[in-house]
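Everything below belongs to my_file_26.cif, which stores mmCIF, C-alpha atoms.
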data_work
#
loop_
_atom_site.label_atom_id
_atom_site.label_comp_id
_atom_site.auth_asym_id
_atom_site.auth_seq_id
_atom_site.Cartn_x
_atom_site.Cartn_y
_atom_site.Cartn_z
CA MET A 1 16.96 17.46 -17.13
CA ASN A 2 18.61 14.18 -17.85
CA GLN A 3 16.46 13.16 -20.76
CA TRP A 4 18.32 9.91 -21.26
CA LEU A 5 17.59 8.70 -17.75
CA ILE A 6 13.88 9.41 -18.22
CA GLY A 7 13.91 7.60 -21.56
CA VAL A 8 15.60 4.54 -20.09
CA ALA A 9 13.18 4.48 -17.14
CA VAL A 10 10.13 4.78 -19.41
CA ALA A 11 11.44 2.05 -21.70
CA PHE A 12 12.05 -0.23 -18.73
CA VAL A 13 8.55 0.39 -17.37
CA VAL A 14 6.96 -0.34 -20.76
CA LEU A 15 8.99 -3.53 -21.06
CA ALA A 16 8.19 -4.70 -17.52
CA ALA A 17 4.49 -3.87 -17.87
CA THR A 18 4.24 -5.80 -21.14
CA THR A 19 6.01 -8.75 -19.54
CA ALA A 20 3.59 -8.59 -16.60
CA VAL A 21 0.62 -8.74 -18.95
CA LEU A 22 2.07 -11.61 -20.97
CA THR A 23 3.00 -13.68 -17.92
CA ARG A 24 0.22 -16.14 -17.23
CA ASP A 25 1.37 -17.85 -14.04
CA PRO A 26 0.27 -15.68 -11.05
CA THR A 27 3.34 -16.54 -8.98
CA ARG A 28 5.70 -15.36 -11.69
CA GLN A 29 3.43 -12.42 -12.35
CA ALA A 30 3.86 -11.30 -8.74
CA VAL A 31 7.62 -11.25 -9.20
CA VAL A 32 7.32 -9.34 -12.49
CA LEU A 33 4.92 -6.88 -10.80
CA SER A 34 7.50 -6.33 -8.10
CA VAL A 35 10.12 -5.51 -10.74
CA LEU A 36 7.61 -3.25 -12.50
CA GLY A 37 6.96 -1.46 -9.20
CA LEU A 38 10.69 -0.90 -8.78
CA GLY A 39 10.90 0.50 -12.33
CA LEU A 40 7.97 2.83 -11.68
CA ALA A 41 9.57 4.01 -8.44
CA VAL A 42 12.77 4.83 -10.34
CA LEU A 43 10.73 6.62 -13.02
CA PHE A 44 8.89 8.73 -10.43
CA ALA A 45 12.15 9.56 -8.67
CA VAL A 46 13.76 10.59 -11.98
CA LEU A 47 10.72 12.77 -12.73
CA GLN A 48 11.24 14.53 -9.36
CA ALA A 49 8.27 13.00 -7.57
CA PRO A 50 9.93 11.34 -4.56
CA ASP A 51 6.67 11.19 -2.56
CA VAL A 52 4.98 9.06 -5.19
CA ALA A 53 8.16 7.04 -5.65
CA LEU A 54 8.10 6.12 -1.96
CA SER A 55 4.44 5.06 -2.11
CA GLN A 56 5.11 3.05 -5.25
CA LEU A 57 8.12 1.36 -3.68
CA ALA A 58 6.19 0.40 -0.55
CA VAL A 59 2.92 -0.67 -2.16
CA GLY A 60 3.86 -1.81 -5.66
CA THR A 61 7.11 -3.56 -4.85
CA ALA A 62 6.39 -5.05 -1.44
CA LEU A 63 2.71 -5.14 -0.55
CA THR A 64 0.88 -6.09 -3.76
CA PRO A 65 3.17 -9.02 -4.72
CA LEU A 66 2.96 -10.27 -1.13
CA LEU A 67 -0.85 -10.22 -1.18
CA ILE A 68 -0.86 -11.98 -4.57
CA LEU A 69 1.55 -14.65 -3.37
CA LEU A 70 -0.49 -15.28 -0.21
CA THR A 71 -3.67 -15.56 -2.26
CA VAL A 72 -2.04 -17.94 -4.73
CA ARG A 73 -0.80 -20.06 -1.87
CA LYS A 74 -4.25 -20.24 -0.32
CA VAL A 75 -6.02 -20.97 -3.59
CA THR A 76 -3.62 -23.56 -4.97
CA ARG A 77 -3.30 -25.56 -1.79
CA ARG A 78 -6.72 -27.16 -2.06
CA PRO A 79 -6.15 -29.34 -5.15
CA THR A 80 -3.03 -30.85 -3.60
CA HIS A 81 -5.16 -33.20 -1.48
CA PRO A 82 -8.58 -33.52 -3.07
CA ASP A 83 -8.66 -37.29 -2.59
CA ASP A 84 -10.44 -39.17 0.13
CA HIS A 85 -8.16 -38.79 3.14
CA PRO A 86 -9.06 -35.50 4.77
CA ALA A 87 -6.07 -33.32 5.39
CA THR A 88 -4.97 -33.35 8.99
CA GLY A 89 -2.91 -30.26 8.61
CA ASP A 90 0.39 -32.03 8.24
CA ASP A 91 1.39 -30.26 5.08
CA GLY A 92 1.65 -26.64 4.14
CA GLN A 93 4.82 -25.86 6.05
CA GLU A 94 6.79 -25.02 2.97
CA GLN A 95 6.31 -21.29 3.24
CA LYS A 96 9.84 -20.52 4.30
CA MET B 1 -19.40 -14.06 -26.23
CA THR B 2 -16.80 -15.72 -28.40
CA ALA B 3 -13.17 -14.79 -28.33
CA ARG B 4 -13.42 -13.15 -31.77
CA ALA B 5 -16.37 -10.99 -30.76
CA ARG B 6 -14.59 -10.00 -27.57
CA LEU B 7 -11.50 -9.04 -29.52
CA ALA B 8 -13.59 -7.01 -31.97
CA VAL B 9 -15.34 -5.12 -29.15
CA PHE B 10 -12.02 -4.49 -27.47
CA LEU B 11 -10.39 -3.22 -30.68
CA ALA B 12 -13.31 -0.88 -31.39
CA ALA B 13 -13.25 0.53 -27.86
CA ALA B 14 -9.46 0.80 -27.89
CA ALA B 15 -9.52 2.70 -31.20
CA VAL B 16 -12.05 5.23 -29.84
CA ILE B 17 -10.09 5.72 -26.60
CA ALA B 18 -6.80 6.03 -28.51
CA ALA B 19 -8.26 8.69 -30.80
CA PHE B 20 -9.67 10.80 -27.96
CA PHE B 21 -6.56 10.31 -25.84
CA THR B 22 -4.30 11.45 -28.67
CA ALA B 23 -6.55 14.44 -29.33
CA ALA B 24 -6.47 15.38 -25.65
CA CYS B 25 -2.71 14.98 -25.40
CA THR B 26 -2.06 17.41 -28.25
CA HIS B 27 -3.43 20.19 -26.01
CA LEU B 28 -1.01 19.43 -23.18
CA PRO B 29 1.92 21.77 -22.58
CA PRO B 30 5.17 20.25 -23.91
CA PHE B 31 7.15 17.90 -21.65
CA GLY B 32 9.89 19.38 -19.48
CA THR B 33 9.32 23.12 -19.92
CA ASP B 34 10.09 25.79 -17.35
CA SER B 35 6.54 27.02 -16.91
CA HIS B 36 4.55 25.22 -14.22
CA PRO B 37 1.45 27.30 -13.50
CA TYR B 38 -0.05 24.84 -11.00
CA GLY B 39 3.30 24.12 -9.35
CA GLU B 40 4.07 27.80 -8.80
CA ARG B 41 0.71 28.41 -7.13
CA ALA B 42 1.00 25.27 -5.00
CA VAL B 43 4.52 26.19 -3.84
CA ALA B 44 3.38 29.72 -2.97
CA ALA B 45 0.40 28.36 -1.00
CA ALA B 46 2.57 25.81 0.81
CA LEU B 47 5.19 28.41 1.78
CA ASP B 48 2.35 30.62 2.98
CA ARG B 49 1.29 27.83 5.38
CA ARG B 50 4.95 27.28 6.36
CA THR B 51 4.96 23.67 5.12
CA ALA B 52 8.30 22.69 3.60
CA ASN B 53 7.05 19.62 1.71
CA VAL B 54 4.69 21.03 -0.88
CA VAL B 55 3.20 17.61 -1.67
CA SER B 56 2.20 17.17 1.98
CA SER B 57 0.75 20.66 1.99
CA VAL B 58 -1.38 19.79 -1.03
CA ASN B 59 -2.43 16.43 0.40
CA PHE B 60 -3.18 17.40 3.99
CA ASP B 61 -4.01 21.09 3.82
CA ILE B 62 -5.01 22.49 0.45
CA ARG B 63 -6.68 19.28 -0.71
CA ALA B 64 -7.21 17.65 2.69
CA PHE B 65 -10.76 16.69 1.80
CA ASP B 66 -9.51 14.49 -1.07
CA THR B 67 -7.22 12.71 1.36
CA LEU B 68 -10.19 12.06 3.65
CA GLY B 69 -11.74 10.17 0.74
CA GLU B 70 -8.56 8.19 0.07
CA GLU B 71 -8.19 7.35 3.73
CA SER B 72 -11.80 6.17 3.86
CA ILE B 73 -11.18 3.95 0.82
CA LEU B 74 -8.38 2.20 2.65
CA PHE B 75 -10.52 1.86 5.78
CA GLY B 76 -13.36 0.38 3.73
CA THR B 77 -10.95 -2.01 2.01
CA VAL B 78 -9.65 -3.31 5.30
CA LEU B 79 -13.19 -3.63 6.62
CA GLY B 80 -14.31 -5.55 3.52
CA ALA B 81 -11.31 -7.87 3.57
CA THR B 82 -11.86 -8.54 7.28
CA LEU B 83 -15.47 -9.43 6.60
CA LEU B 84 -14.70 -11.67 3.61
CA LEU B 85 -11.70 -13.43 5.09
CA ARG B 86 -13.21 -14.21 8.48
CA ARG B 87 -13.02 -17.83 9.55
CA ALA B 88 -15.81 -19.75 7.87
CA ARG B 89 -17.68 -22.52 9.63
CA ASP B 90 -16.06 -25.30 7.62
CA GLU B 91 -12.54 -24.01 7.94
CA ARG B 92 -10.23 -25.71 10.34
CA HIS B 93 -7.81 -23.73 12.42
CA ARG B 94 -4.36 -25.16 12.68
CA ARG B 95 -1.89 -23.47 14.98
CA ALA B 96 1.25 -22.38 13.22
CA GLU B 97 4.26 -24.28 14.44
CA ALA B 98 7.66 -23.13 15.52
CA GLU B 99 10.07 -23.29 12.64
CA ARG B 100 13.75 -23.41 12.04
CA VAL B 101 15.30 -20.46 10.28
CA VAL B 102 18.73 -20.09 8.76
CA PRO B 103 20.86 -18.16 11.31
CA THR B 104 21.86 -15.48 8.79
CA THR B 105 18.20 -14.83 7.98
CA ARG B 106 17.47 -14.54 11.69
CA LEU B 107 20.35 -12.09 12.19
CA PHE B 108 19.28 -10.09 9.13
CA GLY B 109 15.71 -9.82 10.40
CA ALA B 110 16.67 -9.01 13.98
CA LEU B 111 18.96 -6.21 12.79
CA LEU B 112 16.61 -4.85 10.18
CA LEU B 113 13.32 -4.93 12.13
CA PRO B 114 14.14 -2.08 14.57
CA ILE B 115 15.83 -0.06 11.83
CA ALA B 116 12.81 -0.41 9.54
CA LEU B 117 10.42 0.56 12.35
CA VAL B 118 12.45 3.69 13.13
CA VAL B 119 12.55 4.57 9.43
CA GLY B 120 8.75 4.22 9.30
CA VAL B 121 8.24 6.52 12.29
CA TYR B 122 10.74 8.98 10.81
CA VAL B 123 8.96 9.05 7.46
CA VAL B 124 5.59 9.67 9.18
CA ALA B 125 6.98 12.34 11.52
CA HIS B 126 8.85 14.23 8.79
CA GLY B 127 6.05 14.14 6.24
CA GLN B 128 5.63 17.91 6.37
CA LEU B 129 9.38 18.47 5.85
CA SER B 130 10.76 15.86 3.47
CA PRO B 131 9.35 13.37 0.94
CA GLY B 132 7.14 10.84 2.63
CA GLY B 133 4.27 11.20 5.03
CA GLY B 134 1.59 9.26 6.79
CA PHE B 135 0.78 6.89 3.96
CA GLN B 136 4.34 5.99 2.97
CA GLY B 137 5.53 5.74 6.58
CA GLY B 138 2.49 3.68 7.53
CA VAL B 139 3.21 1.14 4.80
CA VAL B 140 6.86 0.97 5.90
CA LEU B 141 5.76 0.36 9.50
CA ALA B 142 3.27 -2.33 8.49
CA THR B 143 5.70 -4.22 6.27
CA ALA B 144 8.59 -3.80 8.73
CA LEU B 145 6.67 -5.73 11.37
CA HIS B 146 6.46 -8.72 9.04
CA LEU B 147 10.24 -9.09 9.15
CA ALA B 148 9.46 -10.94 12.38
CA TYR B 149 7.79 -13.63 10.25
CA VAL B 150 10.78 -13.83 7.93
CA ALA B 151 13.30 -13.87 10.77
CA VAL B 152 11.52 -16.13 13.28
CA ASP B 153 8.12 -17.67 12.51
CA TYR B 154 4.42 -16.95 12.43
CA ARG B 155 3.99 -17.33 16.17
CA ALA B 156 6.52 -14.57 16.83
CA LEU B 157 4.67 -12.30 14.42
CA LYS B 158 1.39 -13.00 16.19
CA LYS B 159 2.91 -12.00 19.51
CA LEU B 160 4.11 -8.71 18.02
CA ARG B 161 0.69 -7.99 16.55
CA PRO B 162 -2.15 -7.44 19.02
CA LEU B 163 -4.93 -7.48 16.44
CA ALA B 164 -7.72 -6.25 18.74
CA VAL B 165 -5.66 -3.19 19.71
CA LEU B 166 -4.72 -2.54 16.09
CA ASP B 167 -8.35 -2.74 14.94
CA VAL B 168 -9.41 -0.20 17.56
CA ALA B 169 -6.46 2.06 16.74
CA ASP B 170 -7.30 1.83 13.04
CA SER B 171 -10.89 2.91 13.62
CA LEU B 172 -9.93 5.67 16.06
CA ALA B 173 -7.35 7.06 13.63
CA ALA B 174 -9.83 6.98 10.75
CA ALA B 175 -12.35 8.84 12.91
CA SER B 176 -9.73 11.31 14.14
CA TYR B 177 -9.20 12.63 10.62
CA SER B 178 -12.84 13.69 10.47
CA LEU B 179 -12.64 15.06 14.02
CA VAL B 180 -9.67 17.27 13.06
CA GLY B 181 -11.76 18.41 10.11
CA LEU B 182 -14.71 19.19 12.41
CA ALA B 183 -12.38 21.10 14.74
CA GLY B 184 -11.41 23.23 11.74
CA LEU B 185 -15.10 23.73 10.97
CA ILE B 186 -15.80 24.94 14.51
CA ALA B 187 -12.69 27.07 14.99
CA GLY B 188 -12.06 28.32 11.47
CA GLY B 189 -15.34 28.13 9.63
CA ALA B 190 -14.47 25.48 7.04
CA PHE B 191 -14.12 21.69 7.17
CA LEU B 192 -10.42 20.72 7.51
CA GLU B 193 -9.40 24.37 7.78
CA ASN B 194 -5.81 24.66 8.98
CA VAL B 195 -6.50 26.28 12.36
CA LEU B 196 -3.48 25.24 14.44
CA PRO B 197 -0.56 27.66 14.87
CA LEU B 198 1.69 27.33 11.83
CA GLY B 199 4.98 27.34 13.76
CA THR B 200 8.44 28.04 12.36
CA PHE B 201 9.13 27.08 8.76
CA ASN B 202 11.06 23.80 8.29
CA THR B 203 10.78 22.56 11.88
CA ILE B 204 8.95 19.40 12.88
CA THR B 205 6.04 21.32 14.41
CA SER B 206 5.49 23.57 11.39
CA GLY B 207 2.50 23.37 9.13
CA GLY B 208 -0.41 23.58 11.57
CA THR B 209 -2.71 20.58 11.12
CA VAL B 210 -0.45 18.93 8.50
CA PRO B 211 1.72 16.97 10.99
CA VAL B 212 -1.39 16.03 13.01
CA LEU B 213 -3.20 14.65 9.97
CA ASN B 214 0.04 12.97 8.85
CA ALA B 215 0.32 11.15 12.16
CA VAL B 216 -3.35 10.17 12.08
CA VAL B 217 -3.01 8.75 8.58
CA GLY B 218 0.24 7.03 9.54
CA VAL B 219 -1.47 5.19 12.43
CA GLU B 220 -4.48 4.34 10.29
CA VAL B 221 -2.45 2.99 7.36
CA ALA B 222 -0.04 1.02 9.56
CA CYS B 223 -2.80 -0.58 11.67
CA GLY B 224 -5.08 -1.14 8.69
CA LEU B 225 -2.42 -2.81 6.56
CA ILE B 226 -1.22 -5.01 9.43
CA ALA B 227 -4.83 -6.14 9.96
CA LEU B 228 -5.27 -6.70 6.20
CA LEU B 229 -2.08 -8.73 5.94
CA ALA B 230 -3.03 -10.61 9.11
CA HIS B 231 -6.22 -11.91 7.52
CA PHE B 232 -4.38 -12.90 4.33
CA LEU B 233 -1.66 -14.61 6.35
CA ASP B 234 -4.19 -16.40 8.56
CA GLN B 235 -5.89 -17.73 5.46
CA ALA B 236 -2.61 -18.83 3.89
CA VAL B 237 -0.90 -20.22 6.98
CA GLU B 238 -3.39 -21.24 9.64
CA LEU B 239 -6.82 -21.89 8.16
CA THR B 240 -7.44 -25.02 6.15
CA ASP B 241 -10.63 -26.20 4.56
CA PRO B 242 -9.95 -29.92 4.33
CA ASP B 243 -12.85 -31.37 2.43
CA GLN B 244 -14.91 -28.62 0.98
CA GLN B 245 -15.52 -30.57 -2.18
CA ARG B 246 -17.19 -33.42 -0.35
CA TYR B 247 -19.58 -31.28 1.63
CA GLY B 248 -20.59 -29.49 -1.52
CA ASP B 249 -21.26 -25.79 -1.59
CA THR B 250 -21.23 -24.16 1.79
#

Could you show the structure in this file as C-alpha cells?
Amino acid sequence: MNQWLIGVAVAFVVLAATTAVLTRDPTRQAVVLSVLGLGLAVLFAVLQAPDVALSQLAVGTALTPLLILLTVRKVTRRPTHPDDHPATGDDGQEQK
Amino acid sequence: MTARARLAVFLAAAAVIAAFFTAACTHLPPFGTDSHPYGERAVAAALDRRTANVVSSVNFDIRAFDTLGEESILFGTVLGATLLLRRARDERHRRAEAERVVPTTRLFGALLLPIALVVGVYVVAHGQLSPGGGFQGGVVLATALHLAYVAVDYRALKKLRPLAVLDVADSLAAASYSLVGLAGLIAGGAFLENVLPLGTFNTITSGGTVPVLNAVVGVEVACGLIALLAHFLDQAVELTDPDQQRYGDT
C-alpha cells in the first residue's frame, strides 16, 4: 500500500482536529470541522473504506457544519437588538 | 470546581486511559498485513448471499439488527429535535421573503439540483453493488434538496419540501425496517433473516432483502434529515423571539 499517502492523510487529520479544538469561535470552528471531515474522508478512502468515506463526506463535511452554522445564527441574533424597540422582523436577511 | 482541579482530574483520567489504550494496542495485529481473518469470513458470507458490496452485506444482512438500532437512533434524534424546536408561544413567525440571487449561483443550483438528486437515488439503489447505500444516498438526497435554498430562496425550498408528507414517509420507512425483519421471522425463523430470493450476483436485484432494507433506510434518512434541517432552518430564518428578555423566563 501507499504508506506515504496514509501518513500524509493521518498527519492532516491530526492537524485539522487540533485546529478544530483550539478554535474558539463556533463559526470558524464549523469551517475547520468541514475541512477535518474532508481530511477524514480522504483518510478513509486511502484506507480502502469508501463506504465510510462517503458517509463522512456527506455528514461531516456538509451536514454538521450546516447545523452548527444555523444554530450559531439563531443563538447570536438575539443580542443584536436587546434594547427597547421590539424587533419587527426587518433584519436577519443577511443569510445569503 | 476550579480550573486547576478540573485539569488535575482530566490529567489523571487521561493517564489511566492512555496506559490501558497503549496496553490494548500492543495486542493488535500489525498495520497493513495480508491476513484479515474477519474480512475473509465476511467476504465469504457476502458472496454466499450474492451481495457484491460486502459492507452492505454486513450492514443489512449479517448485522442487520445493529443497523435497526442505528436507524432508530436517527429516528429518535429527528423526533427529539422536532419536539424541542417546535414553535414556542412567544416566538413570532415571520414569512421568509423573496430574495435576489446572483445569476451564476442560480444557474449553478438549477444545474446541480437534478444531478445531485439522481446521484442520491443512484447511491441508494446501488448500495448492494458499489460503495454507498441507504444512509449515504439518503444524506445526499436530503442535502441536494437544499440547493434550492442556495439557488433561489427559502420560499422555493418550502415548496419543494412537503413536510407533512415527509414526516409520514419517515415514520413509515422506520417502521418498514422492523416489518421486513418480522417477515423474516415469519418466513425464515429469525428476525431480519434474508428470506427473499437472492437473484443473480452483481445485478441490481441481487442480495435478497439487502436492496429492500437499503431503500427503506434511504427513504428514512432522506426524509428524516430534511425534516431535521427544516426545523433548524425555520428557527434560523423564520422564527424570531423579539423580546424574550423583557418577559422574563418563559

Might I get the box with edges along x, y and z of the file that holds all atoms of stretch 22-35 of chain A listed there, padded by 3 Å on every side, given as centre and edge lengths in Å to one decimal, as AutoDock Vina command-line options?
--center_x 5.2 --center_y -11.7 --center_z -14.5 --size_x 15.9 --size_y 18.3 --size_z 18.9

Legend entry - Residue members of the PyMOL selection byres ((chain B and resi 96) around 10) in the file shown, as an MDAnalysis selection string: (chainID A and resid 93) or (chainID B and resid 93:95 97:99 153:155 158 234 237:239)

Can you check which parts of chain B lie within 10 Å of chain A? Per residue, the shortest pair of atoms and distance in Å to one decimal, counting all atoms listed in the file, sorted by chain and number, as CSV.
residue,atom,partner,partner_atom,distance
B:Gly32,CA,A:Met1,CA,7.7
B:Thr33,CA,A:Met1,CA,9.9
B:Asn53,CA,A:Asp51,CA,9.5
B:Val55,CA,A:Asp51,CA,7.4
B:Ser56,CA,A:Asp51,CA,8.7
B:Arg92,CA,A:Gly89,CA,8.8
B:His93,CA,A:Gly89,CA,9.0
B:Arg94,CA,A:Gly89,CA,6.7
B:Arg95,CA,A:Gly89,CA,9.4
B:Ala96,CA,A:Gln93,CA,8.7
B:Glu97,CA,A:Gln93,CA,8.6
B:Glu99,CA,A:Lys96,CA,8.8
B:Arg100,CA,A:Lys96,CA,9.1
B:Val101,CA,A:Lys96,CA,8.1
B:Val102,CA,A:Lys96,CA,10.0
B:Val123,CA,A:Leu54,CA,9.9
B:Gly127,CA,A:Asp51,CA,9.3
B:Ser130,CA,A:Asp51,CA,8.7
B:Pro131,CA,A:Asp51,CA,4.9
B:Gly132,CA,A:Asp51,CA,5.2
B:Gly133,CA,A:Asp51,CA,8.0
B:Phe135,CA,A:Ser55,CA,7.3
B:Gln136,CA,A:Ser55,CA,5.2
B:Gly137,CA,A:Ser55,CA,8.8
B:Gly138,CA,A:Ala58,CA,9.5
B:Val139,CA,A:Ala58,CA,6.2
B:Val140,CA,A:Ala58,CA,6.5
B:Ala142,CA,A:Leu63,CA,9.5
B:Thr143,CA,A:Leu63,CA,7.5
B:Tyr149,CA,A:Lys96,CA,9.3
B:Val150,CA,A:Lys96,CA,7.7
B:Ala151,CA,A:Lys96,CA,9.9
B:Asp153,CA,A:Lys96,CA,8.9
B:Leu225,CA,A:Leu63,CA,9.1
B:Leu228,CA,A:Leu67,CA,9.3
B:Leu229,CA,A:Leu67,CA,7.4
B:Phe232,CA,A:Leu70,CA,6.4
B:Leu233,CA,A:Leu70,CA,6.7
B:Asp234,CA,A:Leu70,CA,9.6
B:Gln235,CA,A:Lys74,CA,6.5
B:Ala236,CA,A:Lys74,CA,4.7
B:Val237,CA,A:Gly92,CA,7.5
B:Glu238,CA,A:Gly89,CA,9.1
B:Leu239,CA,A:Lys74,CA,9.0
B:Thr240,CA,A:Gly89,CA,7.4
B:Asp241,CA,A:Arg78,CA,7.7
B:Pro242,CA,A:Ala87,CA,5.3
B:Asp243,CA,A:Pro86,CA,6.1
B:Gln244,CA,A:Arg78,CA,8.9
B:Gln245,CA,A:Pro82,CA,7.6
B:Arg246,CA,A:Asp84,CA,8.9

Please produce a file of those selected residues containing C-alpha atoms, as a short mmCIF file (atom, residue, chain, number, x, y, z; two decimals), keeping the file's coordinate frame.
data_model
loop_
_atom_site.label_atom_id
_atom_site.label_comp_id
_atom_site.auth_asym_id
_atom_site.auth_seq_id
_atom_site.Cartn_x
_atom_site.Cartn_y
_atom_site.Cartn_z
CA GLY B 32 9.89 19.38 -19.48
CA THR B 33 9.32 23.12 -19.92
CA ASN B 53 7.05 19.62 1.71
CA VAL B 55 3.20 17.61 -1.67
CA SER B 56 2.20 17.17 1.98
CA ARG B 92 -10.23 -25.71 10.34
CA HIS B 93 -7.81 -23.73 12.42
CA ARG B 94 -4.36 -25.16 12.68
CA ARG B 95 -1.89 -23.47 14.98
CA ALA B 96 1.25 -22.38 13.22
CA GLU B 97 4.26 -24.28 14.44
CA GLU B 99 10.07 -23.29 12.64
CA ARG B 100 13.75 -23.41 12.04
CA VAL B 101 15.30 -20.46 10.28
CA VAL B 102 18.73 -20.09 8.76
CA VAL B 123 8.96 9.05 7.46
CA GLY B 127 6.05 14.14 6.24
CA SER B 130 10.76 15.86 3.47
CA PRO B 131 9.35 13.37 0.94
CA GLY B 132 7.14 10.84 2.63
CA GLY B 133 4.27 11.20 5.03
CA PHE B 135 0.78 6.89 3.96
CA GLN B 136 4.34 5.99 2.97
CA GLY B 137 5.53 5.74 6.58
CA GLY B 138 2.49 3.68 7.53
CA VAL B 139 3.21 1.14 4.80
CA VAL B 140 6.86 0.97 5.90
CA ALA B 142 3.27 -2.33 8.49
CA THR B 143 5.70 -4.22 6.27
CA TYR B 149 7.79 -13.63 10.25
CA VAL B 150 10.78 -13.83 7.93
CA ALA B 151 13.30 -13.87 10.77
CA ASP B 153 8.12 -17.67 12.51
CA LEU B 225 -2.42 -2.81 6.56
CA LEU B 228 -5.27 -6.70 6.20
CA LEU B 229 -2.08 -8.73 5.94
CA PHE B 232 -4.38 -12.90 4.33
CA LEU B 233 -1.66 -14.61 6.35
CA ASP B 234 -4.19 -16.40 8.56
CA GLN B 235 -5.89 -17.73 5.46
CA ALA B 236 -2.61 -18.83 3.89
CA VAL B 237 -0.90 -20.22 6.98
CA GLU B 238 -3.39 -21.24 9.64
CA LEU B 239 -6.82 -21.89 8.16
CA THR B 240 -7.44 -25.02 6.15
CA ASP B 241 -10.63 -26.20 4.56
CA PRO B 242 -9.95 -29.92 4.33
CA ASP B 243 -12.85 -31.37 2.43
CA GLN B 244 -14.91 -28.62 0.98
CA GLN B 245 -15.52 -30.57 -2.18
CA ARG B 246 -17.19 -33.42 -0.35
#

Inset, instruction - In the coordinates of the file, take the point (1.1, 3.2, 12.1) and a cut-off of 10 Å; then, counting all atoms listed in the file, name each qualifying protein, DNA or RNA residue as number ranges by chain. - result: B: 117, 120-121, 124, 134-135, 137-142, 166, 169-170, 173, 215-226

Legend entry - Residue contacts of A:Leu33 (12 Å, all atoms listed in the file) excluding same-chain residues fewer than 3 positions away, as a VMD selection string: chain A and resid 13 15 to 23 25 to 30 36 to 40 56 to 57 59 to 69

Inset, instruction - Please provide the set of residues having any atom within 10 Å of B:Leu147, restricted to all atoms listed in the file, with same-chain residues fewer than 4 positions apart removed, written as a PyMOL selection string. - result: chain B and resi 105-106+108-114+116+142-143+151-153+157

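Shortest separation to B:Asp61 among B:Tyr38, B:Phe10, B:Phe21, B:Phe191 occurs at residue B:Phe191, atoms counted being all atoms listed in the file.
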
Inset, instruction - Measure the distance from atom CA of B:Leu172 to atom CA of B:Glu71 in Å and round it to one decimal. - result: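 Calculated distance between atom CA of B:Leu172 and atom CA of B:Glu71 is 12.6 Å.
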
Inset, instruction - For B:Ala64, please output as a PyMOL selection string all residues within 12 Å (counting all atoms listed in the file; exclusion window: fewer than 3 positions along the same chain). - result: chain B and resi 55-61+67-71+177-178+180-181+184+190-194+209-210+212-214+217

Inset, instruction - For atom CA of B:Phe75 and atom CA of B:His231, quote the distance in Å rounded to one decimal. - result: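 We find that atom CA of B:Phe75 and atom CA of B:His231 lie 14.5 Å from each other.
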
Legend entry - For atom CA of B:Val78 and atom CA of B:Ala227, the interatomic separation in Å (one decimal): 7.3 Å

Inset, instruction - Evaluate the PyMOL selection byres ((chain B and resi 201) around 8) here and jot the selected residues down as an MDAnalysis selection string. - result: chainID B and resid 50:52 199:200 202:203 206:207

Legend entry - For A:Val14, the nearest of the candidates A:Asn2, A:Gln48, A:Leu43, A:Val31, counting all atoms listed in the file: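 That would be A:Leu43, the residue with the smallest distance to A:Val14.
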